[in-house]
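What follows is a short report on a single structure.
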Amino acid sequence: MGFWRRYRFILLAVAFLLAALTLFSLSAGRRMGGGPVEQVFLELAGPVQEQVSRLGRLLAGVWNSYFALVHTAKQNRELKQRLQTMQRELVELGELRKANRRLRALLGLKQKTGYPMVAAEVVGLDPSNHFRSVIINKGSADGLSPPMPVVHAQGAVGRLIWTSPHYAKVLLLTDPNCGVDVLVQRSRARGILEGAGRDRLRLKYVQQNLDVLPGDLLITSGAAGVFPKGILVGQVLTVLKKGKGAFMDVTVKPAVDFEHLEEVLVILRRRELEG
């Protein structure tokens, strides 16, 4: 009863309009023109039907727009996923191309030297930070043992100091404990190359009367039985003669970019070469 009392006026109005519309529809087919009653009903029903039609069109438009937005959102998600997939594939393709160039360069070095070599990947830096060294993913199971020399397409890298069955540690040329007997390629002046920091080497025990100039290339001499002769080591940066001292101070830039070292070759054994 409470519902009827609260909404009886609205319900009566709706019932009246429905009855009027029904009567109007039934009489519309029987005579033309219509009388005063039909005219009143038409005047009352017209605005209602107009609003109902507008509301129906509005709801239909909202409904269609909703589905259009849902479809567009789905398409956007699919396009984003495809774009991410393509970007990932492009990155992977770029890495494969770079790796292919590096490996081709290493293969060319191996074919050029003719020495038995094992290719390895650099998998980490020395966790102790006591040495300038890297860890590679080949070890004694692959025939590696200290102090085998390690090289790169750019030049000499260092030598093995420790091995386990599947890994090995390489002491880099930039470490002060790694000394290599070298020659100045142009003048054949001789000295010992030692590490002097992250990206520098120092040529020691070079007498002041020897011919060494900035820009000269240094190669391994083949002495000491570690590196074969003729492997590029670095390029002279500065030459400083110390007054009455016996030796000059020579700084050298390494041939290898140790900060971006990813693959190396380990020379398993070397021929007996002239020192």
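How things are named: the first chain in the structure tokens is A, the next is B, and so on; residues count from 1 in each chain; ligands count from 1 in the order shown.
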With only C-alpha atoms as the counted atoms, please give the residues lying no more than 8 Å from Leu144 (chain A), apart from itself and same-chain residues fewer than 3 positions off, as a CSV table (one decimal) with C-alpha atoms, in the first residue's frame.
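selection_12.csv, written as the output of this step:
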```csv
chain,number,residue,atom,x,y,z
A,138,LYS,CA,86.2,-22.7,-20.2
A,139,GLY,CA,88.6,-24.5,-17.9
A,140,SER,CA,90.9,-27.5,-17.5
A,141,ALA,CA,88.2,-29.9,-18.9
A,148,MET,CA,98.5,-20.0,-21.3
A,163,THR,CA,91.7,-22.9,-13.7
A,168,ALA,CA,89.4,-20.0,-15.7
A,266,VAL,CA,93.1,-19.1,-25.3
A,268,LEU,CA,96.5,-24.0,-26.0
```
Skipping near chain neighbours, those fewer than 6 positions away, what residues fall within 10 Å of Gly124 (chain A) using only C-alpha atoms, listed as an NGL selection string?
-> :A and (133-137 or 169 or 262)
Smallest atom-to-atom distance to Asn177 (chain A): which of A:Gly225, A:Gly243, A:Gly195, A:Gly143, using only C-alpha atoms?
-> A:Gly195
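Among the candidates A:Asp175, A:Asp181, A:Glu78, A:Asp142, the one nearest to Asp126 (chain A) when counting only C-alpha atoms is A:Asp175.
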Any chance you could list, as JSON, numbers by chain, the residues in region 146-268 of chain A that come up strand (DSSP E) when DSSP is run on the backbone?
-> {"A": [149, 150, 151, 152, 155, 156, 157, 158, 159, 160, 161, 162, 163, 168, 169, 170, 171, 172, 180, 181, 182, 183, 184, 190, 191, 192, 193, 194, 195, 201, 202, 203, 204, 217, 218, 219, 220, 232, 233, 234, 235, 236, 237, 238, 239, 240, 241, 248, 249, 250, 251, 252, 253, 254, 263, 264, 265, 266, 267]}
Atomic separation - CA of Gly158 (chain A) relative to CA of Met117 (chain A), Å |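 Distance between the two atoms: 14.4 Å.
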Between A:Thr174, A:Thr72, A:Gln81, A:Ser164, which is the closest to Asp257 (chain A) once you count only C-alpha atoms?
-> A:Thr174
Which residues come within 10 Å of region 231-237 of chain A, counting only C-alpha atoms, excluding same-chain residues fewer than 6 positions away, as JSON, numbers by chain?
-> {"A": [113, 151, 152, 153, 154, 155, 156, 157, 158, 173, 180, 182, 183, 184, 185, 193, 200, 201, 202, 203, 212, 213, 214, 215, 216, 217, 218, 219, 220, 221, 222, 250, 251, 252, 253, 254, 255, 256]}
Write a file of the just-selected residues containing C-alpha atoms, as a PDB file, in the first residue's frame.
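Listed below is the output, result_30.pdb:
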```pdb
ATOM      1  CA  THR A 113      97.969 -17.479 -36.443  1.00  0.00           C
ATOM      2  CA  VAL A 151      94.161 -13.024 -27.012  1.00  0.00           C
ATOM      3  CA  HIS A 152      91.435 -11.134 -28.846  1.00  0.00           C
ATOM      4  CA  ALA A 153      90.984  -9.964 -32.410  1.00  0.00           C
ATOM      5  CA  GLN A 154      92.219  -6.539 -31.235  1.00  0.00           C
ATOM      6  CA  GLY A 155      95.371  -7.910 -29.611  1.00  0.00           C
ATOM      7  CA  ALA A 156      96.818  -9.460 -26.450  1.00  0.00           C
ATOM      8  CA  VAL A 157      94.502  -9.786 -23.432  1.00  0.00           C
ATOM      9  CA  GLY A 158      96.514 -11.476 -20.680  1.00  0.00           C
ATOM     10  CA  LEU A 173      97.600  -6.839 -19.187  1.00  0.00           C
ATOM     11  CA  VAL A 180     105.026  -8.967 -21.057  1.00  0.00           C
ATOM     12  CA  VAL A 182     107.541  -6.487 -26.085  1.00  0.00           C
ATOM     13  CA  LEU A 183     109.141  -4.867 -29.107  1.00  0.00           C
ATOM     14  CA  VAL A 184     108.570  -1.482 -30.703  1.00  0.00           C
ATOM     15  CA  GLN A 185     107.473  -2.655 -34.137  1.00  0.00           C
ATOM     16  CA  LEU A 193     105.169  -3.867 -20.519  1.00  0.00           C
ATOM     17  CA  ARG A 200      96.896   2.302 -19.362  1.00  0.00           C
ATOM     18  CA  LEU A 201     100.136   0.339 -19.635  1.00  0.00           C
ATOM     19  CA  ARG A 202     103.701   1.328 -18.858  1.00  0.00           C
ATOM     20  CA  LEU A 203     106.757   0.343 -20.916  1.00  0.00           C
ATOM     21  CA  VAL A 212     110.659   5.184 -29.214  1.00  0.00           C
ATOM     22  CA  LEU A 213     108.088   7.739 -30.370  1.00  0.00           C
ATOM     23  CA  PRO A 214     104.399   8.479 -29.646  1.00  0.00           C
ATOM     24  CA  GLY A 215     102.245   6.490 -32.051  1.00  0.00           C
ATOM     25  CA  ASP A 216     104.628   3.510 -32.233  1.00  0.00           C
ATOM     26  CA  LEU A 217     102.957   0.103 -32.077  1.00  0.00           C
ATOM     27  CA  LEU A 218     104.117  -2.506 -29.563  1.00  0.00           C
ATOM     28  CA  ILE A 219     104.052  -6.240 -30.278  1.00  0.00           C
ATOM     29  CA  THR A 220     104.924  -9.302 -28.223  1.00  0.00           C
ATOM     30  CA  SER A 221     108.568 -10.348 -28.605  1.00  0.00           C
ATOM     31  CA  GLY A 222     107.958 -14.076 -28.097  1.00  0.00           C
ATOM     32  CA  VAL A 250     106.709   5.474 -21.686  1.00  0.00           C
ATOM     33  CA  THR A 251     102.912   5.238 -21.336  1.00  0.00           C
ATOM     34  CA  VAL A 252     100.945   2.957 -23.627  1.00  0.00           C
ATOM     35  CA  LYS A 253      97.297   2.578 -24.585  1.00  0.00           C
ATOM     36  CA  PRO A 254      96.200  -1.100 -24.738  1.00  0.00           C
ATOM     37  CA  ALA A 255      95.105  -2.453 -28.096  1.00  0.00           C
ATOM     38  CA  VAL A 256      92.166  -4.231 -26.453  1.00  0.00           C
TER      39      VAL A 256
END
```
Just asking: which residues within region 81-262 of chain A are helix (DSSP H, G or I) according to DSSP, as a PyMOL selection string?
-> chain A and resi 81-113+140-142+223-225+258-260
So that I have them on file, write out the residues from the current selection with C-alpha atoms, as a JSON list (two decimals), in the first residue's frame.
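This is the output file part_27.json:
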```
[["chain", "number", "residue", "atom", "x", "y", "z"],
["A", 81, "GLN", "CA", 52.13, -6.30, -27.57],
["A", 82, "ARG", "CA", 53.16, -6.62, -31.20],
["A", 83, "LEU", "CA", 55.34, -3.51, -30.91],
["A", 84, "GLN", "CA", 57.03, -4.85, -27.78],
["A", 85, "THR", "CA", 57.63, -8.18, -29.50],
["A", 86, "MET", "CA", 59.15, -6.45, -32.54],
["A", 87, "GLN", "CA", 61.37, -4.26, -30.35],
["A", 88, "ARG", "CA", 62.59, -7.32, -28.45],
["A", 89, "GLU", "CA", 63.28, -9.15, -31.71],
["A", 90, "LEU", "CA", 65.19, -6.14, -33.06],
["A", 91, "VAL", "CA", 67.35, -6.03, -29.92],
["A", 92, "GLU", "CA", 68.03, -9.77, -30.17],
["A", 93, "LEU", "CA", 68.84, -9.44, -33.87],
["A", 94, "GLY", "CA", 71.23, -6.57, -33.15],
["A", 95, "GLU", "CA", 73.00, -8.61, -30.47],
["A", 96, "LEU", "CA", 73.28, -11.59, -32.82],
["A", 97, "ARG", "CA", 74.81, -9.39, -35.52],
["A", 98, "LYS", "CA", 77.34, -7.90, -33.10],
["A", 99, "ALA", "CA", 78.23, -11.31, -31.72],
["A", 100, "ASN", "CA", 78.59, -12.64, -35.26],
["A", 101, "ARG", "CA", 81.04, -9.84, -36.15],
["A", 102, "ARG", "CA", 83.09, -10.47, -33.00],
["A", 103, "LEU", "CA", 83.19, -14.23, -33.58],
["A", 104, "ARG", "CA", 84.16, -13.77, -37.22],
["A", 105, "ALA", "CA", 87.03, -11.55, -36.12],
["A", 106, "LEU", "CA", 88.17, -14.18, -33.61],
["A", 107, "LEU", "CA", 87.89, -16.89, -36.26],
["A", 108, "GLY", "CA", 89.99, -14.78, -38.60],
["A", 109, "LEU", "CA", 92.66, -14.42, -35.90],
["A", 110, "LYS", "CA", 92.66, -18.16, -35.26],
["A", 111, "GLN", "CA", 93.06, -18.95, -38.95],
["A", 112, "LYS", "CA", 95.78, -16.31, -39.33],
["A", 113, "THR", "CA", 97.97, -17.48, -36.44],
["A", 140, "SER", "CA", 90.85, -27.54, -17.45],
["A", 141, "ALA", "CA", 88.23, -29.86, -18.94],
["A", 142, "ASP", "CA", 88.76, -27.96, -22.20],
["A", 223, "ALA", "CA", 110.38, -14.17, -25.14],
["A", 224, "ALA", "CA", 109.50, -15.78, -21.79],
["A", 225, "GLY", "CA", 107.57, -18.55, -23.53],
["A", 258, "PHE", "CA", 89.02, -4.27, -21.73],
["A", 259, "GLU", "CA", 85.84, -2.50, -20.60],
["A", 260, "HIS", "CA", 83.86, -4.15, -23.41]]
```
Check the smallest atom-to-atom distance from each of A:Val226, A:Leu171, A:Pro176, A:Leu210 to Arg190 (chain A) using only C-alpha atoms, then report the winner.
-> A:Leu210
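A straight line drawn from CA of Ser187 (chain A) to CA of Asp211 (chain A) is 6.1 Å long.
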Pick from A:Val170, A:Asn209, A:Gly230, A:Lys244, whichever lies nearest to Phe131 (chain A) using only C-alpha atoms = A:Val170
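Going from CA of Ala196 (chain A) over to CA of Met248 (chain A), you cover 15.6 Å.
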